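*Asks:* Take a look at this one; I'll ask things after.
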Amino acid sequence: MKDLNNTTKKILFGTVGAAGLFLASSASVNADTTHHVVKNDTVWDLSQKYGVSIQSIEQLNKINTDTHLIREGQTLTIPTTGKTAAKTATKTSQVTVKAGDTLWALAQKYGTTVEKLRQLNGLASDAYLIHVGDVIKVDGQVTTTTTTNAQATSTVSSEANQTSQAASTASSEANQTSQAASTASSEANQTSQAAATASSEASQTSQATSTASSEASQAASTSQAATPYVAANHVTYTVQAGDSLYTIAQKYGVTVDSLRQANTLGATLQVGQSLTVNDPTKNPQASVAASQAEQTPAQTTTTSQATQATQTTQAATTTNQVAQTTSQTTSQPAAQTQTSQASQTTQTSQQTQASQAQVATPSSYSVSALLSYAQTFTGVPYVLGGTTPAGFDCSGFTQYVFNHFGKNIGRTTYQQQYAGTKLAVSSAQPGDLLFWGAYGSAYHVGIYLGGSSYIAAPEPGESVSVKSFTYYQPSFAVHVN
């Protein structure tokens with residue numbers, strides 16, 4: 001429909017322009033007015049402004065009649081018309097639209113503008129289409145100007161007549177086209193309104209369906225959230241200070257996701273909160289018992305040594321008493337000899353006891369505690385040579401963490417690769433050290449967390465963080481002895 005309207009406008013404008021060009025060519029070219037071209041000026045605008053023909057302006061100023069181009073800043077001479085007779089005017093306030101009428105034609109006819117007609121009649125700012133029989137309010141005059149020139153030639157008049165006839169024919173065709181377009185537009189408007197009504201009803205139905213679906217989805221989600229999954233094989237764990245879902249999952253050999261599925265969790269864990277652990281693969285209590293069992297032999301040995309020292313002391317005391325008794329019945333030199341021997345025995349016993357007392361219990365630590373402690377330094381910046389929480393390099397970070405649990409693994413990556421038993425990465429356990437580079441010349445180290453995760457101080461510009469070695473495979477692992 002838009003294409004049809006545009007075609008109609010082009011026919012009308014082209015016809016009117018051509019007719020104006022030839023009909024007004026009879027005007028005499030008498031120059032007595034000049035115009036300074038400003039931005040957006042056109043020859044057509046100037047012809048309307050000064051009431052002269054386009055051709056007369058172009059002839060007088062030698063403007064290309066094909067392109068009609070003028071430039072900003074150019075000074076044009078505006079011709080005046082010859083003998084002008086005018087001007088019959090009829091004052092009116094409204095008009096009934098006839099076949100072939102357009103807003104533009106009415107604006108020209110009544111000396112007003114399209115925009116003003118739109119405002120007077122409450123039309124949209126982009127409206128062009130009017131219908132036969134519509135009553136349009138106008139506020140202007142119907143002005144007719146007849147221009148004659150005694151110098152006009154019969155040739156120009158003949159051309160003007162032919163052009164006028166062509167314009168009349170084109171106008172008649174345009175009128176017919178406009179009527180057809182008007183009828184089609186009216187039918188299209190009715191169809192569009194019916195479609196809009198159906199679309200509105202469909203939209204309301206869709207919104208109602210969407211609302212019901214959303215409510216059902218929320219209800220289902222609430223139902224699922226209210227029913228955690230609890231496996232037949234499960235244990236209950238009470239949250240302790242410093243616990244996180246990650247450390248608890250590591251303790252029991254499960255995933256964080258499985259803990260979330262088995263429990264209704266808030267934003268944070270609360271100390272004393274009970275968690276369900278489904279299908280655990282590790283038993284933290286058994287691990288603690290095994291650790292205590294490893295410590296027991298050392299404690300037994302220390303106790304045995306202390307007992308032996310006590311017995312030796314008692315033997316020395318008995319010998320001293322015998323020596324005193326003997327000294328009462330024997331000569332003084334013999335008593336002195338026994339006393340000296342007893343004294344030496346006592347000193348030996350004391351030295352043995354002191355030496356045995358200096359034997360320390362081998363240091364031990366909880367892997368989960370070590371991993372939790374390591375993760376408290378997340379975000380500490382990488383500093384080359386750094387060994388404190390103010391800044392770590394890779395080996396400074398691992399040294400600091402293990403020192404906290406009584407393990408001296410050395411300062412450098414080179415020293416730390418010999419701090420325990422070398423393992424294949426596939427055999428590494430959480431808490432082991434991971435190394436990048438050949439054994440004996442490793443260049444990077446981190447602490448294994450399990451799965452494909454590790455924590456490390458990576459490189460300058462980054463900070464301590466948990467990373468994955470899926471795309472950065474370590475070369476070997478070391479279990480710290």
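Lettering and numbering for the structure tokens are positional, with chains as A, B, ... in the shown order, residues counted from 1 in each chain, and ligands counted from 1 in the shown order.
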Neighbours of region 57-61 of chain A within 8 Å (only C-alpha atoms; same-chain residues fewer than 5 positions away dropped), as a list in words?
*Replies:*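 So the residues in contact are Val29, Val43, Ser47, Val52, His68, Leu76, Thr77, Ile78 and Pro79 of chain A.
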*Asks:* Neighbouring residues of region 229-246 of chain A were defined as those with any atom within 6 Å, considering only C-alpha atoms; residues of the same chain fewer than 2 positions away were excluded. Please report them as a list of chain:residue names.
*Replies:*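 Using only C-alpha atoms, the neighbours found are A:Ile248, A:Ala249, A:Val256, A:Gln261, A:Ala262, A:Val271, A:Gly272, A:Gln273, A:Ser274, A:Leu275, A:Thr276, A:Val277, A:Asn278, A:Asp279.
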*Asks:* Residues within 8 Å of region 387-389 of chain A, please, as a PyMOL selection string. Count only C-alpha atoms; anything in the same chain fewer than 5 positions from it doesn't count.
*Replies:* chain A and resi 377+380+396-397+399-400
*Asks:* Mind checking which residues fall within 8 Å of Lys467 (chain A), counting only C-alpha atoms, ignoring those fewer than 3 positions away in the same chain, and posting them as a list in words?
*Replies:* Ser453, Tyr454, Ile455 and Ala456 of chain A
*Asks:* To one decimal place in Å, what is the distance between CA of Phe392 (chain A) and CA of His444 (chain A)?
*Replies:*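 Separation between CA of Phe392 (chain A) and CA of His444 (chain A): 12.8 Å.
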*Asks:* Counting only C-alpha atoms, which of A:Leu449, A:Val480, A:Ala107, A:Ala369 gets nearest to Gln417 (chain A)?
*Replies:*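 Checking each of A:Leu449, A:Val480, A:Ala107, A:Ala369 against Gln417 (chain A), counting only C-alpha atoms, the winner is A:Val480.
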*Asks:* Would you please work out which residue, of A:Lys98, A:Tyr448, A:Thr227, A:Cys394, is nearest to Gln250 (chain A) when using only C-alpha atoms?
*Replies:*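 Ranked by minimum distance to Gln250 (chain A), first place goes to A:Tyr448.
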*Asks:* Mind giving me the straight-line distance from CA of Val478 (chain A) to CA of Ala419 (chain A) in Å, one decimal?
*Replies:*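 Between CA of Val478 (chain A) and CA of Ala419 (chain A) the gap works out to 7.4 Å.
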*Asks:* Please, what distance in Å, to one decimal, runs between CA of Gln74 (chain A) and CA of Gly111 (chain A)?
*Replies:*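 If I compute the distance from CA of Gln74 (chain A) to CA of Gly111 (chain A), I get 28.3 Å.
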*Asks:* Nearest to Lys422 (chain A) among A:Lys49, A:His479, A:Arg118, A:Arg260, with distances taken over only C-alpha atoms: which residue is it?
*Replies:*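 Ranked by minimum distance to Lys422 (chain A), first place goes to A:His479.
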